[in-house]
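Novice: Below is a structure I'd like to ask you about.
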Amino acid sequence: MPNMNPKKNEMPTQEAKVRAHNFNEVALGYEESVAVDEANRCLNCKTMPCVSGCPVNIHIPEFIAKIREMDFEGAYQIITQTSSLPAVCGRVCPQETQCESKCVRGIKGESVCIGRLERFVADYHNRYSKEAPEVPKSNGHKVAVIGSGPSGLTCAGDLAKKGYKVTVFEALHLAGGVLVYGIPEFRLPKSIVQKEVDTLKALGVEVMTNVVIGKTLTVDELFEMGFEAVFIGSGAGLPNFMNIPGESLKGVYSANEFLTRSNLMKAYKEDPDTPIMKGGKVAVVGGGNVAMDAARTALRLGAEKVYIVYRRSIEELPARKEEVEHAMEEGIEFRLLTNPVEILGYHNAEDPRDPKNGSVTGIRCIQMQLGEPDQKGRRRPVPIEGSEFDIDLDVVIMAIGTSPNPLLKNTTEGLEVNSHGGIIVNEAGLTSRVAVYAGGDAVTGAATVISAMGAGKVAAKAIDEYLLSK
Amino acid sequence: MYKIITKKSLNPTVTMMEIESPLVAKKAKAGQFIILRVDEEGERIPLTIAGVDPVRGAVKIIFQIVGATTEKLNHKAEGEYIQDFVGPLGMPTHIAGMKKVCVVGGGVGCAIALPVAEALHAQGTEVTSIIGFRNKDLLILEDEFKACSDKLVVMTDDGSYARHGNVTVPLKEMLDAGEQFDMIITIGPLIMMKFVTLTAKPYGVPVTVSMNPIMIDGTGMCGGCRLTLMQDGKRVTKFACVDGPDFNGYEVDFDEAMSRGRTYFDFERKAHEKACNLFKGV
Ligand SMILES: Cc1cc2nc3c(=O)[nH]c(=O)nc-3n(C[C@H](O)[C@H](O)[C@H](O)COP(=O)(O)OP(=O)(O)OC[C@H]3O[C@@H](n4cnc5c(N)ncnc54)[C@H](O)[C@@H]3O)c2cc1C
Ligand SMILES: Cc1cc2nc3c(=O)[nH]c(=O)nc-3n(C[C@H](O)[C@H](O)[C@H](O)COP(=O)(O)OP(=O)(O)OC[C@H]3O[C@@H](n4cnc5c(N)ncnc54)[C@H](O)[C@@H]3O)c2cc1C
Ligand code: SF4
Ligand code: SF4
Ligand code: FES
C-alpha cells in the first residue's frame with residue numbers, strides 16, 4: 001500500500017540561527033527510512049507525468065520503485081542512464097517548477113519529493129560505491145570541450161564513455177563552472193563537484209585548466225591540433241549592471257565578483273589571500289538564485305543586516321522556493337516592489353584624500369506596483385511617482401542577470417549568435433560552424449544546471465553520430 | 001604547475017622572471033597580460049607580459065613587490081613552480097601604421113611599456129621614450145629602452161639620477177617644440193597617466209593609457225575591473241580585462257579609477273605585513 005500522507009517528508013536542515021554563521025551545507029539529506037517512506041508516496045503512475053517535467057526525462061517512477069525495494073544502488077543506475085550529475089541536480093534543480101510540478105500527488109496535497117530522493121540516491125552511491133569506472137576502449141577520435149560547467153562536464157563524460165579522447169579546456173584554475181565559482185558551499189559542497197570531475201578524469205578525460213579559448217588557443221587551432229569536433233559550454237558569465245548612478249562606488253559588486261571572491265578564491269576562510277568586504281549592511285539587488293546565494297553568503301561572512309531588493313512581488317521571485325524560504329528563516333529582509341534608482345556614496349569635499357571617499361553609504365529606491373502583464377504574462381512593475389526612499393548600506397551587490405561572453409564569437413569566424421549573444425544552434429546542438437556544437441547557458445542565456453546538462457547530452461549524441469558517419 | 005626558468009632582481013623592489021608556458025609564449029602580443037596564482041591558496045594577480053621567447057616557451061614578467069602576493073612570488077627561486085598561469089589576456093596595444101610615437105613610462109609601468117616600445121621599434125616606428133622613477137635606486141630597464149628608442153629621456157622625481165622632475169616636463173617641452181606624435185602611449189601610476197593626458201590635451205595628440213584595476217578572473221566574468229569612459233557625453237562602463245587594458249586617455253574617469261583602486265587598502269596592508277613576517281625567518 002502506498003503511503004497516502006498528503007504531506008511530504010520534511011528535509012532535515014541545520015537550524016537557521018546556527019547555519020547563518022557557517023558555510024556548511026544547509027539541507028542535511030534524508031535518512032534511509034525517511035527516503036523509503038517518501039518513496040512509498042509515489043503511486044508509480046502509468047502515464048508518468050513527472051517524467052515529462054524533467055528536462056532530461058529521468059525514469060522517475062522506476063528509480064523511486066528501487067528505493068522502495070531498498071535497492072539504492074539500483075536506483076542510482078536508473079538515474080544515471082539519463083543524468084550524469086544527480087548529486088548536483090538533486091540539490092539545486094528548481095523541482096517545484098519541473099518534475100514535482102507535474103506529480104499527481106501534488107493535486108490533493110504535496111508532490112513526491114523527487115529531487116530529495118534523487119539526492120539521497122546519489123549521496124548513497126557516493127558514500128558506499130567504491131567501484132572505479134571502467135575505462136572504455138578508445139575509438140581513436142579526439143573531441144575538445146570548452147568550459148567545465150555542467151554542460152561541458154556532461155558532454156565530456158558521455159563522449160568518454162563511448163571511447164572518445166576528450167580534453168576539457170577551462171579558463172579558470174578550477175573545473176566546475178558556476179558549480180564552483182557561483183553556487184556556494186552551503187548549498188552545493190565543493191567536494192561533490194570535485195568528485196564528478198575526478199570521475200571524468202578516471203574515465204580518461206583530460207582537464208586543462210588555465211586555458212582561455214579565444215585567447216590561449218582558438219577554436220580553429222583546436223581543429224589544427226587534431227580535434228575533430230568541438231563543444232562550446234562556456235556559460236553566460238558576463239554580469240549585467242543597472243546603469244544607474246553610483247555603480248562604480250567602492251562596495252558595489254556584481255554577484256559574480258562577490259561569489260567568486262567568496263567561493264573560488266576562498267575569501268570565506270579566515271585570513272584569506274583574496275579580500276572581500278565583510279560586515280556592515282548589505283543589499284542584494286535581484287530575486288533569482290544568484291541573488292539568494294549572494295545574500296546568504298554576505299550574511300555568513302558577517303554582515304549585520306542583509307536585504308534583498310526586488311522590483312516585483314514575492315510571487316514573481318524567480319529563485320527556487322526552498323532557497324527563498326531558507327533565506328527568510330535566516331533573517332534576510334525582503335524589500336519587494338522596490339527598485340534602486342541610485343547608489344549613494346560618501347564624498348568629503350573638505351578632504352579629497354579621505355580614504356572613505358567614494359564608498360557606498362546607501363541606496364535610493366523607488367516603490368513599484370504591478371501593472372499590465374507583459375508578453376510573457378508577467379505583470380510589469382511600474383514606479384510609483386514620488387515614492388523614493390533611502391536605505392543605509394555599506395555594500396551593494398548587483399544580481400540582475402548575466403549574458404554570454406562574446407569572446408568565442410569574436411574569435412571564431414562564422415560562429416553565429418542571436419541578439420542576446422547566445423550561440424545559435426539547431427536541435428542537435430550544432431552551431432553555424434561545421435563540427436562545432438554548443439549548449440547550456442552559452443546558448444540559452446542564464447538557465448539551470450539540468451538544462452545545461454541536458455544540452456551537453458544532446459550534443460554528445462550528435463557529435464558521436466557525426467564522427468561515426470564521417 | 002608552471003616552472004620559473006630564470007629569475008633576476010632588477011632593483012630592490014622589482015624582479016624579473018621567465019615562466020615556462022609555451023602556449024602563452026606562442027600567442028602573446030605587446031600590451032597583453034597574464035594572471036597567475038603563486039600557490040593553492042593564493043590570490044589571482046595580473047601582470048603584463050614583458051617579453052616572450054616562443055622557442056623556449058618562456059614568458060617574461062617583471063613585477064614590483066608591493067603586497068602579499070608579489071612578496072610570495074619573489075620568494076620563489078629559479079627552478080621552482082607556481083600554481084597557475086593563464087593568458088595572454090586583454091587586447092594587444094594598437095600600434096599598426098604608426099610612424100612616430102612617444103612612450104611615457106613611470107616606475108614599474110616601464111616594464112609594461114617596454115614590450116610596446118620594442119614592438120613599435122620592430123615595425124619601424126620612430127620611438128621617443130620618456131621613463132621616470134622616484135629615485136635612482138628604483139631605475140629599471142634603462143638599457144633595454146635605449147636599445148629600442150630613437151630618443152630616450154630618463155627622469156627622477158628627486159633628481160638623484162639623470163634629469164630632475166616628472167615625465168610631463170620633457171613631454172611638454174617636446175610638444176611645445178612642435179614634435180608631431182601620432183600617439184602618446186603612457187603606462188604607469190594612474191595619477192601620472194592622468195597628468196600625461198592633461199599635458200597632451202592642448203596639443204590634440206591622441207593618448208593611450210594602460211589601465212590596471214584590481215582583477216580576478218580576467219575573462220569578463222566578475223566585473224570587478226570595470227571603469228567608466230565618457231563617450232559622446234555618456235558614461236559607459238567597460239571591463240579592463242577584456243576591453244582593455246588600453247583605453248583612450250581622454251575618455252577615462254581617472255578619479256573614479258583611483259578611488260576604486262583603494263577598495264582593499266587596509267586589507268592589503270595587513271596581508272603584506274603578514275607575508276613579510278612570514279618570510280622574516282626564512
Ligand atoms: C550563483 C548562482 C546560483 C545558481 N543556482 C542555481 C540553482 O539553484 N539551480 C539551477 O538549476 N541553476 C542554478 N544556477 C544556474 C546554473 O548554475 C547554470 O545555468 C549552469 O551552471 C550553466 O552551465 P554551463 O555548463 O552552461 O556553464 P557554466 O556553469 O557557466 O560553466 C562555463 C564554464 O566555461 C568556462 N569558460 C567560459 N569561457 C571560456 C573560454 N573561452 N575558454 C575556456 N573556458 C571558458 C567558464 O570559466 C566556466 O567554468 C545558478 C547560477 C549562479 C551563478
Ligand atoms: C593588466 C594589469 C597589468 C599589470 N602589470 C603589472 C606588471 O607588469 N608589473 C607589476 O609590478 N604590476 C603589474 N600590475 C599590478 C599588479 O597586478 C599588482 O601590483 C598586484 O596585483 C599586487 O598584488 P599584491 O598581492 O602583491 O599586492 P596587494 O596587497 O594586492 O596590493 C598592494 C598595493 O598594490 C596596489 N594594487 C593592488 N592591485 C593592483 C593593481 N591591479 N594594479 C595596481 N596596483 C595594485 C594596492 O592598491 C596596494 O597599494 C598590473 C595590473 C594589471 C591590472
Ligand atoms: S533532474 Fe531535476 S527535474 Fe529531473 S528529476 Fe531530478 S530534480 Fe527533477
Ligand atoms: S507523478 Fe508523482 S506519484 Fe506519479 S509516478 Fe511520478 S512521482 Fe510518482
Ligand atoms: S577581471 Fe573579472 S571581469 Fe575583468
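Identifiers in this document derive from the order of the C-alpha cells: chains are assigned A, B, ..., residues are numbered from 1 separately in each chain, and ligands are numbered from 1 in order of occurrence.
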If you count only C-alpha atoms and all ligand atoms, which residues end up within 9 Å of ligand 5, as a PDB file with C-alpha atoms, in the first residue's frame?

Specialist:
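Written output follows (part_11.pdb):
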```pdb
ATOM      1  CA  LEU A 238      29.164  38.307 -18.191  1.00  0.00           C
ATOM      2  CA  PRO A 239      27.496  40.277 -15.380  1.00  0.00           C
ATOM      3  CA  ASN A 256      29.679  37.061  -9.752  1.00  0.00           C
ATOM      4  CA  GLU A 257      32.537  39.011  -8.228  1.00  0.00           C
TER       5      GLU A 257
ATOM      6  CA  PRO B  46      47.525  40.246 -13.270  1.00  0.00           C
ATOM      7  CA  PRO B 213      42.396  47.974 -11.915  1.00  0.00           C
ATOM      8  CA  ILE B 214      42.044  45.124  -9.462  1.00  0.00           C
ATOM      9  CA  MET B 215      41.164  41.943 -11.359  1.00  0.00           C
ATOM     10  CA  ILE B 216      40.150  38.402 -10.535  1.00  0.00           C
ATOM     11  CA  ASP B 217      39.267  36.198 -13.481  1.00  0.00           C
ATOM     12  CA  GLY B 218      40.480  38.372 -16.348  1.00  0.00           C
ATOM     13  CA  THR B 219      37.837  36.982 -18.711  1.00  0.00           C
ATOM     14  CA  GLY B 220      34.938  39.393 -18.227  1.00  0.00           C
ATOM     15  CA  MET B 221      33.138  37.279 -15.645  1.00  0.00           C
ATOM     16  CA  CYS B 222      33.328  39.301 -12.423  1.00  0.00           C
ATOM     17  CA  GLY B 223      33.087  42.930 -13.489  1.00  0.00           C
ATOM     18  CA  GLY B 224      35.466  43.927 -10.714  1.00  0.00           C
ATOM     19  CA  CYS B 225      37.839  45.537 -13.203  1.00  0.00           C
ATOM     20  CA  ARG B 226      35.184  47.880 -14.561  1.00  0.00           C
ATOM     21  CA  PHE B 239      35.834  45.897 -18.354  1.00  0.00           C
ATOM     22  CA  ALA B 240      39.585  46.492 -18.390  1.00  0.00           C
ATOM     23  CA  CYS B 241      40.418  42.798 -18.688  1.00  0.00           C
ATOM     24  CA  VAL B 242      38.560  42.209 -21.943  1.00  0.00           C
ATOM     25  CA  ASP B 243      38.000  45.668 -23.439  1.00  0.00           C
TER      26      ASP B 243
END
```

Novice: Please find the residues contacting ligand 1 at a distance of at most 6 Å between atoms, with only C-alpha atoms and all ligand atoms counted, and report them as a PyMOL selection string.

Specialist: chain A and resi 92-94+146-152+169-172+176-179+182-183+211-214+233-237+289-290+293+408+440-442+446-450+452

Novice: Using only C-alpha atoms and all ligand atoms, which residues have at least one atom no more than 9 Å from ligand 3? Output them as a PyMOL selection string.

Specialist: chain A and resi 50-51+53-60+79+82-83+85-86+88-100+113-119+449-451

Novice: Let me have all residues with an atom within 9 Å of ligand 4, counting only C-alpha atoms and all ligand atoms, laid out as a PyMOL selection string.

Specialist: chain A and resi 39-51+60-62+64-65+99-106+111-114

Novice: Write the selection just made, keeping C-alpha atoms, as a compact mmCIF listing (two decimals), in the first residue's frame?

Specialist:
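Result file follows (part.txt):
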```
# COMPACT_ATOMS: atom_id res chain seq x y z
CA ALA A 39 9.32 6.71 -1.95
CA ASN A 40 6.17 4.97 -0.74
CA ARG A 41 4.22 8.13 -1.51
CA CYS A 42 4.83 7.57 -5.22
CA LEU A 43 1.90 5.95 -6.99
CA ASN A 44 4.01 4.58 -9.83
CA CYS A 45 1.68 6.24 -12.33
CA LYS A 46 1.45 4.50 -15.69
CA THR A 47 1.36 7.83 -17.53
CA MET A 48 4.38 9.14 -15.61
CA PRO A 49 3.54 12.85 -15.77
CA CYS A 50 6.55 13.67 -13.60
CA VAL A 51 8.97 12.39 -16.24
CA ILE A 60 11.38 8.78 -12.04
CA PRO A 61 8.84 6.12 -11.03
CA GLU A 62 11.38 3.38 -11.77
CA ILE A 64 11.68 5.52 -6.84
CA ALA A 65 10.45 1.90 -7.03
CA CYS A 99 9.33 17.26 -12.24
CA GLU A 100 7.48 17.91 -8.98
CA SER A 101 5.09 20.39 -10.59
CA LYS A 102 3.69 17.53 -12.68
CA CYS A 103 3.40 14.95 -9.91
CA VAL A 104 -0.20 13.73 -9.39
CA ARG A 105 0.28 13.72 -5.65
CA GLY A 106 0.56 17.47 -5.89
CA SER A 111 4.00 16.20 -4.57
CA VAL A 112 6.55 13.45 -4.05
CA CYS A 113 9.96 14.95 -3.22
CA ILE A 114 11.62 13.66 -6.32
```

Novice: Which residues, written as a ChimeraX atom specification, have at least one atom at most 10 Å from Asp37 in chain A, with only C-alpha atoms counted and residues fewer than 2 positions away on the same chain left out?

Specialist: /A:2-3,5,8-9,31-35,39-42,67-68

Novice: Apply DSSP to the structure's backbone, then extract all residues of range 154-262 of chain B labelled alpha helix (DSSP H) and return them as JSON, numbers by chain.

Specialist: {"B": [168, 169, 170, 171, 172, 173, 174, 175, 176, 190, 191, 192, 193, 194, 195, 196, 197, 198, 199, 200, 240, 241, 242, 243, 254, 255, 256, 257, 258, 259, 260, 261]}
